[in-house]
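Working notes, beginning with the structure itself.
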Amino acid sequence: MIDKSVPDVESAVAGVADGSTVMIGGFGRAGQPVELIDALIGTGAGDLTIVSNNAGNGDVGLAALLAARRVRRVVCSFPRQHDSWVFDGLYRAGDIELELVPQGNLAERIRAAGAGIGAFFTPTGVGTELAEGKEHRVIDGREYVLEHPIRADVALVSALRADRWGNLVYRETARNFGPIMAAAATTTVVQVDEIVPLGDLDPEAIVTPGIYVDRVVAVGERAWLRDGAFVGGVDVEGRPLAGDPRPALEGEAAR
Amino acid sequence: MTTRIPRDELAARIAADIPEGAYVNLGIGAPTLVANFLPDDLEIVLHTENGLLGMGPAPAEGRIDPDLINAGKQPVTTLPGAAYFHHADSFAMMRGGHLDVCVLGAFQVSQAGDLANWSTGAPGAIPAVGGAMDLAIGAKSVYVMTDLLTKGGESKLVETCTYPLTGVRCVTRVYTDHAVFDVTPGGFAVREAFGDNTIAELAALTGLELADATGETTDERNQQ
């Protein structure tokens, strides 16, 4: 029997070694595996290289990992945000290395790693300082720059549901980097709202097949869903709005 | 005194050039205003690079869904016909030339169509590029929406960009508060001058030689 489910987030992130490269899914807060990141902080693993689109928001999740001084280097496309004060402070103090990668090159380099591609020529970045020092080639009259895959020891991904084989479905734009990171890491760890019985996920709707997934852990339903249905009542950070103005569900007494 | 149209009017002007059936990416910041002026009776599909085609307007208070955001990380909605996809697919749509139009902001555009919009190269700044370089080279038509002049009065249309480049020879057209400029093999051509603005005035403001293409302006939507 294949059973990739683990009982808690601590078991899910166990064994991450110092010096590991860790991919962290999410675009801003959407799809950021906050519970897994918190558990990673708890392991004490340090000297990490983090591959993620952003470099943390506010003081939670990836920002908390940075604040705990566990990260030596960040590979990302957009570290600077209105609430990226943790990264900004470390960067200005020279306490963290940054490899800045155009977003589409970041995604394709991750995809290439999972797909076994040795390297690829892309037009993105040609003529800019982010392509300086890299091999260029003119193909059919257009200039391209050579980009290499980004692999990881561990990927931390957030999805909506999994089964015990590790098949995954996502929710809306929180899918973002999940499918490609899941394929690009030696060990892929996924947090989901719930683990459903094998066979309950529609094979036509599975986005990440379980072959890419090693561990799944259920962390409970996100605050803006109830029994899988959207109920709202939160801000864009997922924090409950004052007074919980969520509309009553059908059949539920008005609150 | 030259005529400057308000930003909303410029957004409406850009929207009027986007034909039904177009797949469009609107960059973060001012370009997102263009969405407010796309006619409701035309099917124009908005792409957001974090993984959605068929993006709709902002949700009502209390109906914000943190899983459903745009590239600016603002809450959005979906329209009937919407589709989600992962990041590599989303950027394949751009890089593969499937998007018809993208609208971007700019620090500078050169007369060769080079774009600088991601960094001023200022020391101490936190660098961030996001999808700017992918968008710049990825759409069939790359429109820039910007004020013609900086707050200091310098032209954003330049002979050669002095800021770090986002993309080379990638801009199709520049919509400014003073006029609309096409990028042509011979440099900038004025497609439409707003108000009483003249080619001579625009040439003086930009310090560039400008061709007159105002007679060539047509209603693109009716051509499609």
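Within each chain, counting starts at residue 1; across the structure tokens, chains are named A, B, ... in the order shown, with ligands numbered 1 upward in that order.
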
Find the nearest atom pair between each residue of segment 22-132 of chain B and segment 79-99 of chain A for residues within 10 Å, count only C-alpha atoms, give distances in Å to one decimal, sort rows by chain and ascending number, and present the table as CSV.
residue,atom,partner,partner_atom,distance
B:Gly72,CA,A:Gln81,CA,9.9
B:Gly124,CA,A:Arg92,CA,6.9
B:Ala125,CA,A:Arg92,CA,8.5
B:Ile126,CA,A:Arg80,CA,5.9
B:Pro127,CA,A:Arg80,CA,6.8
B:Ala128,CA,A:Arg80,CA,5.7
B:Val129,CA,A:Pro79,CA,8.6
B:Gly130,CA,A:Pro79,CA,8.7

Hey, can you spit out that residue selection with N, CA and C atoms as a short mmCIF file (atom, residue, chain, number, x, y, z; two decimals), in the first residue's frame?
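selection13.cif, written as the output of this step:
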data_model
loop_
_atom_site.label_atom_id
_atom_site.label_comp_id
_atom_site.auth_asym_id
_atom_site.auth_seq_id
_atom_site.Cartn_x
_atom_site.Cartn_y
_atom_site.Cartn_z
N GLY B 72 -0.62 42.01 -9.19
CA GLY B 72 -0.33 43.01 -8.18
C GLY B 72 -0.72 42.57 -6.79
N GLY B 124 21.46 51.07 -3.34
CA GLY B 124 20.70 50.82 -2.12
C GLY B 124 19.29 50.35 -2.36
N ALA B 125 18.80 50.46 -3.61
CA ALA B 125 17.44 50.00 -3.89
C ALA B 125 17.40 48.48 -3.85
N ILE B 126 16.26 47.93 -3.42
CA ILE B 126 16.07 46.48 -3.45
C ILE B 126 15.64 46.13 -4.88
N PRO B 127 16.44 45.33 -5.61
CA PRO B 127 16.05 45.02 -6.98
C PRO B 127 14.86 44.07 -7.03
N ALA B 128 14.01 44.24 -8.01
CA ALA B 128 12.87 43.35 -8.21
C ALA B 128 12.46 43.45 -9.67
N VAL B 129 12.27 42.33 -10.34
CA VAL B 129 11.96 42.39 -11.77
C VAL B 129 10.61 41.75 -12.08
N GLY B 130 10.24 40.72 -11.33
CA GLY B 130 8.95 40.07 -11.58
C GLY B 130 8.83 39.63 -13.03
#

DSSP-assigned helix (DSSP H, G or I) among segment 10-252 of chain A, expressed as a PyMOL selection string: chain A and resi 10-12+34-43+62-67+85-92+103-115+129-131+172-174+178-184+210-212

Could you turn the residues from that selection into a file that holds C-alpha atoms, as a CSV table (one decimal), in the first residue's frame?
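Writing the result to selection_29.csv gives the following:
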chain,number,residue,atom,x,y,z
A,10,GLU,CA,6.8,18.2,12.0
A,11,SER,CA,6.9,14.8,10.4
A,12,ALA,CA,6.4,16.4,7.0
A,34,VAL,CA,2.8,28.8,5.9
A,35,GLU,CA,2.3,25.8,8.2
A,36,LEU,CA,5.2,23.9,6.6
A,37,ILE,CA,7.5,26.9,6.7
A,38,ASP,CA,6.7,27.3,10.4
A,39,ALA,CA,7.5,23.7,11.0
A,40,LEU,CA,10.8,24.1,9.0
A,41,ILE,CA,11.8,27.0,11.3
A,42,GLY,CA,11.1,24.6,14.2
A,43,THR,CA,13.6,22.0,12.8
A,62,LEU,CA,8.9,32.9,4.5
A,63,ALA,CA,9.5,36.2,6.2
A,64,ALA,CA,9.7,34.4,9.6
A,65,LEU,CA,12.2,31.9,8.2
A,66,LEU,CA,14.3,34.8,7.0
A,67,ALA,CA,14.0,36.6,10.3
A,85,TRP,CA,10.7,44.6,5.5
A,86,VAL,CA,12.4,41.5,6.8
A,87,PHE,CA,14.1,40.7,3.5
A,88,ASP,CA,14.8,44.4,2.8
A,89,GLY,CA,16.6,44.7,6.2
A,90,LEU,CA,18.8,41.6,5.7
A,91,TYR,CA,19.7,42.6,2.1
A,92,ARG,CA,20.7,46.1,3.0
A,103,GLN,CA,9.6,35.5,-13.3
A,104,GLY,CA,9.1,33.5,-16.4
A,105,ASN,CA,12.7,32.3,-16.5
A,106,LEU,CA,12.3,31.3,-12.8
A,107,ALA,CA,9.3,29.2,-13.7
A,108,GLU,CA,10.8,27.7,-16.8
A,109,ARG,CA,14.1,26.9,-15.0
A,110,ILE,CA,12.1,25.1,-12.3
A,111,ARG,CA,10.0,23.3,-14.9
A,112,ALA,CA,13.1,22.3,-16.8
A,113,ALA,CA,14.6,20.7,-13.7
A,114,GLY,CA,11.5,18.5,-13.2
A,115,ALA,CA,11.3,17.7,-16.9
A,129,GLU,CA,21.9,43.1,-17.1
A,130,LEU,CA,20.2,39.9,-15.9
A,131,ALA,CA,21.6,38.1,-18.9
A,172,GLU,CA,-7.6,29.2,-8.1
A,173,THR,CA,-4.4,31.2,-8.5
A,174,ALA,CA,-2.9,29.6,-5.4
A,178,GLY,CA,3.0,24.3,-6.9
A,179,PRO,CA,3.0,21.9,-9.9
A,180,ILE,CA,6.4,22.8,-11.2
A,181,MET,CA,8.1,22.9,-7.8
A,182,ALA,CA,6.6,19.5,-6.9
A,183,ALA,CA,8.4,18.0,-9.9
A,184,ALA,CA,11.8,19.8,-9.4
A,210,GLY,CA,1.3,11.7,-7.1
A,211,ILE,CA,4.5,10.5,-8.8
A,212,TYR,CA,5.9,14.0,-8.0

Polymer residues at most 12 Å from Phe91 of chain B, only C-alpha atoms, same-chain spacing of 4 or more positions, as number ranges by chain: A: 102-109, 111, 122-124, 176-177; B: 25, 47-52, 85-87, 95-99, 130-139

Contacts of Asp235 of chain A at 10 Å (only C-alpha atoms; same-chain gap of 4+ positions) as a PyMOL selection string: (chain A and resi 224+239-242) or (chain B and resi 61-66+75)

Give me a file of those residues, with N, CA and C atoms, as a tab-separated table (two decimals), in the first residue's frame.
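Output file selection13.tsv is given in full below:
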chain	number	residue	atom	x	y	z
A	224	TRP	N	-11.46	30.87	4.67
A	224	TRP	CA	-12.49	31.43	3.80
A	224	TRP	C	-13.32	30.36	3.08
A	239	ARG	N	-6.97	37.09	6.84
A	239	ARG	CA	-7.37	37.39	8.22
A	239	ARG	C	-8.86	37.68	8.28
A	240	PRO	N	-9.54	37.16	9.32
A	240	PRO	CA	-10.99	37.41	9.42
A	240	PRO	C	-11.30	38.90	9.49
A	241	LEU	N	-12.36	39.30	8.80
A	241	LEU	CA	-12.80	40.69	8.87
A	241	LEU	C	-13.48	40.91	10.21
A	242	ALA	N	-13.45	42.14	10.70
A	242	ALA	CA	-14.08	42.46	11.98
A	242	ALA	C	-15.57	42.11	11.93
B	61	GLU	N	-16.69	43.84	-0.84
B	61	GLU	CA	-16.21	43.70	0.54
B	61	GLU	C	-16.85	42.45	1.15
B	62	GLY	N	-16.05	41.66	1.84
B	62	GLY	CA	-16.59	40.45	2.45
B	62	GLY	C	-16.54	39.25	1.52
B	63	ARG	N	-16.27	39.49	0.23
B	63	ARG	CA	-16.19	38.39	-0.75
B	63	ARG	C	-14.76	38.26	-1.30
B	64	ILE	N	-13.81	38.84	-0.60
B	64	ILE	CA	-12.41	38.71	-1.01
B	64	ILE	C	-11.97	37.26	-0.84
B	65	ASP	N	-11.30	36.73	-1.87
B	65	ASP	CA	-10.80	35.36	-1.83
B	65	ASP	C	-9.27	35.41	-1.92
B	66	PRO	N	-8.57	35.11	-0.83
B	66	PRO	CA	-7.10	35.22	-0.85
B	66	PRO	C	-6.43	34.30	-1.87
B	75	PRO	N	-7.04	41.36	-4.69
B	75	PRO	CA	-8.12	40.40	-4.93
B	75	PRO	C	-8.88	40.72	-6.22

Minimum-distance residue to Leu10 of chain B, chosen among B:Thr184, B:Thr206, B:Ser141, B:Thr176 (using only C-alpha atoms): B:Thr176

Shortest interatomic distance to Tyr84 of chain B - which of A:Ala205, A:Ile24, A:Val74, A:Ala55, counting only C-alpha atoms: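 Closest candidate: A:Ala205.
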